[in-house]
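Engineer: Following this message is one structure expressed as structure tokens.
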Amino acid sequence: MHGGEQAMLNAAKNNAKKVAVLTLVLCGLWVPLLQAQEKPSIVVQPFTTANGVSWPYDMQRMTSQTLAELQTKDGKKYEISTAAPLSRAHYYSLNGEVLAWHPGNRAKRMLVGVGTGRETATIRYWLADETGKKVFEHEDTIRAEFWGNEYADSVGQLAHPFADKIAGRLAQAKLN
């Protein structure tokens, strides 16, 4: 090899080393940034009823319906599941409670119409961080859907409005 070829070979080796070091440095900087951009995780807890409240539906199915609705509406924004994530220490728990339930009045619906006499419930729900501190809380009155739903036998006419209301309100929560 001539002196010029050797110099070019050494320069190429040095450039390859510089590129390798630069790649490692950039990877080291990007990994923490990518981890910081993970979606917040929400764990849906089983819902409950307040003391003395009559609730004729399967609460586990209501929780499942809410989980499905949240995954559909907010799945791009949040990681949603029913179990605390093993891979991270920071997550939020979604808890809910039925405060009141009114079965509605079929006669009133037939005579007056226009959505009157529908089944209603007052619900309270909140997000708490992993320490139990509430970071968001809301109370709503929900009404049965006007035309019913396919889950009516096990969860009543309130399943979809229940889940829909919670999913809509979570958009107001400022989660990081």
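In the structure tokens, chains take the letters A, B, ... in the order shown, each chain's residues start at 1, and ligands count up from 1 in the order shown.
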Fewer than 6 positions away in the same chain doesn't count, so skip those; otherwise give me all residues within 9 Å of stretch 93-106 of chain A, counting only C-alpha atoms, as JSON, numbers by chain.
Structural biologist: {"A": [41, 42, 43, 44, 45, 46, 47, 48, 49, 50, 51, 52, 53, 54, 55, 84, 116, 117, 118, 119, 120, 121, 122, 123, 124, 125, 126, 127, 128, 129, 130, 132, 141, 144]}
Engineer: Using the selection just defined, write its residues with N, CA and C atoms as an mmCIF file, in the first residue's frame.
Structural biologist:
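The result, stored in part-v4.cif:
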data_model
loop_
_atom_site.group_PDB
_atom_site.id
_atom_site.type_symbol
_atom_site.label_atom_id
_atom_site.label_comp_id
_atom_site.auth_asym_id
_atom_site.auth_seq_id
_atom_site.Cartn_x
_atom_site.Cartn_y
_atom_site.Cartn_z
ATOM 1 N N SER A 41 -51.036 5.430 31.837
ATOM 2 C CA SER A 41 -51.723 4.159 32.021
ATOM 3 C C SER A 41 -52.895 4.346 32.984
ATOM 4 N N ILE A 42 -54.077 3.841 32.597
ATOM 5 C CA ILE A 42 -55.269 3.900 33.443
ATOM 6 C C ILE A 42 -55.721 2.471 33.726
ATOM 7 N N VAL A 43 -55.859 2.167 35.008
ATOM 8 C CA VAL A 43 -56.320 0.854 35.440
ATOM 9 C C VAL A 43 -57.777 1.003 35.884
ATOM 10 N N VAL A 44 -58.682 0.312 35.209
ATOM 11 C CA VAL A 44 -60.111 0.390 35.531
ATOM 12 C C VAL A 44 -60.409 -0.589 36.665
ATOM 13 N N GLN A 45 -60.815 -0.045 37.797
ATOM 14 C CA GLN A 45 -61.152 -0.839 38.972
ATOM 15 C C GLN A 45 -62.636 -1.216 38.926
ATOM 16 N N PRO A 46 -63.040 -2.287 39.601
ATOM 17 C CA PRO A 46 -64.478 -2.632 39.651
ATOM 18 C C PRO A 46 -65.271 -1.505 40.316
ATOM 19 N N PHE A 47 -66.384 -1.150 39.712
ATOM 20 C CA PHE A 47 -67.235 -0.103 40.252
ATOM 21 C C PHE A 47 -68.056 -0.648 41.411
ATOM 22 N N THR A 48 -68.529 0.256 42.245
ATOM 23 C CA THR A 48 -69.300 -0.119 43.424
ATOM 24 C C THR A 48 -70.597 0.687 43.477
ATOM 25 N N THR A 49 -71.434 0.358 44.461
ATOM 26 C CA THR A 49 -72.635 1.149 44.724
ATOM 27 C C THR A 49 -72.524 1.738 46.120
ATOM 28 N N ALA A 50 -73.109 2.914 46.299
ATOM 29 C CA ALA A 50 -73.108 3.554 47.615
ATOM 30 C C ALA A 50 -74.021 2.756 48.545
ATOM 31 N N ASN A 51 -73.805 2.894 49.843
ATOM 32 C CA ASN A 51 -74.643 2.204 50.829
ATOM 33 C C ASN A 51 -76.109 2.558 50.626
ATOM 34 N N GLY A 52 -76.954 1.542 50.633
ATOM 35 C CA GLY A 52 -78.397 1.739 50.525
ATOM 36 C C GLY A 52 -78.921 1.933 49.112
ATOM 37 N N VAL A 53 -78.052 1.867 48.111
ATOM 38 C CA VAL A 53 -78.488 2.059 46.724
ATOM 39 C C VAL A 53 -78.821 0.707 46.106
ATOM 40 N N SER A 54 -80.015 0.619 45.565
ATOM 41 C CA SER A 54 -80.444 -0.594 44.862
ATOM 42 C C SER A 54 -79.910 -0.511 43.438
ATOM 43 N N TRP A 55 -79.195 -1.540 43.019
ATOM 44 C CA TRP A 55 -78.616 -1.576 41.659
ATOM 45 C C TRP A 55 -78.840 -2.974 41.105
ATOM 46 N N ALA A 84 -52.768 -3.386 37.202
ATOM 47 C CA ALA A 84 -51.673 -2.417 37.296
ATOM 48 C C ALA A 84 -50.517 -2.874 36.416
ATOM 49 N N THR A 116 -88.916 11.098 28.173
ATOM 50 C CA THR A 116 -89.270 11.207 29.589
ATOM 51 C C THR A 116 -89.426 9.827 30.197
ATOM 52 N N GLY A 117 -89.246 9.731 31.491
ATOM 53 C CA GLY A 117 -89.448 8.474 32.199
ATOM 54 C C GLY A 117 -88.372 7.439 31.980
ATOM 55 N N ARG A 118 -87.228 7.828 31.408
ATOM 56 C CA ARG A 118 -86.148 6.867 31.183
ATOM 57 C C ARG A 118 -85.431 6.542 32.494
ATOM 58 N N GLU A 119 -84.826 5.393 32.540
ATOM 59 C CA GLU A 119 -84.000 4.963 33.671
ATOM 60 C C GLU A 119 -82.831 5.941 33.832
ATOM 61 N N THR A 120 -82.491 6.295 35.089
ATOM 62 C CA THR A 120 -81.376 7.210 35.351
ATOM 63 C C THR A 120 -80.526 6.698 36.517
ATOM 64 N N ALA A 121 -79.325 7.200 36.573
ATOM 65 C CA ALA A 121 -78.435 6.910 37.697
ATOM 66 C C ALA A 121 -77.515 8.110 37.900
ATOM 67 N N THR A 122 -77.153 8.328 39.142
ATOM 68 C CA THR A 122 -76.152 9.339 39.458
ATOM 69 C C THR A 122 -74.870 8.585 39.767
ATOM 70 N N ILE A 123 -73.812 8.949 39.070
ATOM 71 C CA ILE A 123 -72.538 8.257 39.244
ATOM 72 C C ILE A 123 -71.449 9.257 39.622
ATOM 73 N N ARG A 124 -70.501 8.775 40.384
ATOM 74 C CA ARG A 124 -69.308 9.552 40.744
ATOM 75 C C ARG A 124 -68.120 8.691 40.361
ATOM 76 N N TYR A 125 -67.140 9.297 39.734
ATOM 77 C CA TYR A 125 -65.951 8.557 39.323
ATOM 78 C C TYR A 125 -64.738 9.453 39.479
ATOM 79 N N TRP A 126 -63.590 8.822 39.688
ATOM 80 C CA TRP A 126 -62.384 9.587 39.934
ATOM 81 C C TRP A 126 -61.170 8.809 39.482
ATOM 82 N N LEU A 127 -60.119 9.559 39.193
ATOM 83 C CA LEU A 127 -58.812 9.000 38.894
ATOM 84 C C LEU A 127 -57.905 9.294 40.076
ATOM 85 N N ALA A 128 -57.181 8.291 40.513
ATOM 86 C CA ALA A 128 -56.204 8.453 41.584
ATOM 87 C C ALA A 128 -54.856 7.962 41.076
ATOM 88 N N ASP A 129 -53.803 8.613 41.522
ATOM 89 C CA ASP A 129 -52.483 8.140 41.119
ATOM 90 C C ASP A 129 -52.104 6.911 41.951
ATOM 91 N N GLU A 130 -50.904 6.384 41.728
ATOM 92 C CA GLU A 130 -50.507 5.139 42.389
ATOM 93 C C GLU A 130 -50.414 5.277 43.906
ATOM 94 N N GLY A 132 -52.754 6.878 45.615
ATOM 95 C CA GLY A 132 -54.132 7.014 46.084
ATOM 96 C C GLY A 132 -54.640 8.448 46.073
ATOM 97 N N THR A 141 -75.225 12.683 36.168
ATOM 98 C CA THR A 141 -76.461 11.911 36.069
ATOM 99 C C THR A 141 -76.521 11.380 34.653
ATOM 100 N N ALA A 144 -80.814 6.490 30.424
ATOM 101 C CA ALA A 144 -80.828 5.360 29.483
ATOM 102 C C ALA A 144 -80.839 5.885 28.061
#
Engineer: Would you list, as a ChimeraX atom specification, the residues of stretch 57-143 of chain A that end up in alpha helix (DSSP H) under DSSP run on this structure's backbone?
Structural biologist: /A:59-74,106-111
Engineer: Please produce a file of the residues just selected, as an mmCIF file, in the first residue's frame, where the atoms kept are C-alpha atoms.
Structural biologist:
data_model
loop_
_atom_site.group_PDB
_atom_site.id
_atom_site.type_symbol
_atom_site.label_atom_id
_atom_site.label_comp_id
_atom_site.auth_asym_id
_atom_site.auth_seq_id
_atom_site.Cartn_x
_atom_site.Cartn_y
_atom_site.Cartn_z
ATOM 1 C CA MET A 59 -71.384 -4.417 38.096
ATOM 2 C CA GLN A 60 -68.567 -6.530 36.625
ATOM 3 C CA ARG A 61 -70.214 -6.251 33.200
ATOM 4 C CA MET A 62 -70.553 -2.479 33.692
ATOM 5 C CA THR A 63 -66.824 -2.333 34.422
ATOM 6 C CA SER A 64 -66.084 -4.415 31.298
ATOM 7 C CA GLN A 65 -68.289 -2.150 29.175
ATOM 8 C CA THR A 66 -66.459 0.905 30.506
ATOM 9 C CA LEU A 67 -63.084 -0.700 29.793
ATOM 10 C CA ALA A 68 -64.133 -1.447 26.199
ATOM 11 C CA GLU A 69 -65.501 2.068 25.686
ATOM 12 C CA LEU A 70 -62.340 3.677 27.062
ATOM 13 C CA GLN A 71 -60.142 1.499 24.866
ATOM 14 C CA THR A 72 -62.210 2.486 21.835
ATOM 15 C CA LYS A 73 -62.421 6.219 22.559
ATOM 16 C CA ASP A 74 -59.190 6.924 24.435
ATOM 17 C CA ARG A 106 -92.802 2.998 31.386
ATOM 18 C CA ALA A 107 -96.258 4.626 31.605
ATOM 19 C CA LYS A 108 -94.703 8.093 31.521
ATOM 20 C CA ARG A 109 -92.599 7.102 28.518
ATOM 21 C CA MET A 110 -95.711 5.823 26.715
ATOM 22 C CA LEU A 111 -97.947 8.790 27.534
#
Engineer: A:Ala89, A:Val135, A:Ile80, A:Ile142: which is nearest A:His160, counting only C-alpha atoms?
Structural biologist: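 Using only C-alpha atoms, A:His160 sits closest to A:Ile142.
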Engineer: For a quick check of understanding, using only C-alpha atoms, which of A:Ala159, A:Pro56, A:Lys165, A:Tyr92 has the smallest distance to A:Lys134?
Structural biologist: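 Once distances to A:Lys134 are computed over only C-alpha atoms, the minimum belongs to A:Tyr92.
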Engineer: Please, what distance in Å, to one decimal, runs between atom CA of A:Ala163 and atom CA of A:His90?
Structural biologist: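 Interatomic distance, atom CA of A:Ala163 to atom CA of A:His90: 23.8 Å.
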Engineer: Can you measure atom CA of A:Asp58 to atom CA of A:Phe136 for me? One decimal in Å is fine.
Structural biologist: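 Atom-to-atom, atom CA of A:Asp58 to atom CA of A:Phe136, that is 25.5 Å.
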Engineer: Suppose you want the space between atom CA of A:Asp140 and atom CA of A:Leu175; what is it in Å?
Structural biologist: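 These atoms are spaced 20.5 Å apart.
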Engineer: Choose the residue, out of A:Arg88, A:Lys39, A:His138, A:Lys76, that has the smallest atom-to-atom separation from A:Ala173; count only C-alpha atoms.
Structural biologist: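 Closest to A:Ala173, using only C-alpha atoms: A:His138.
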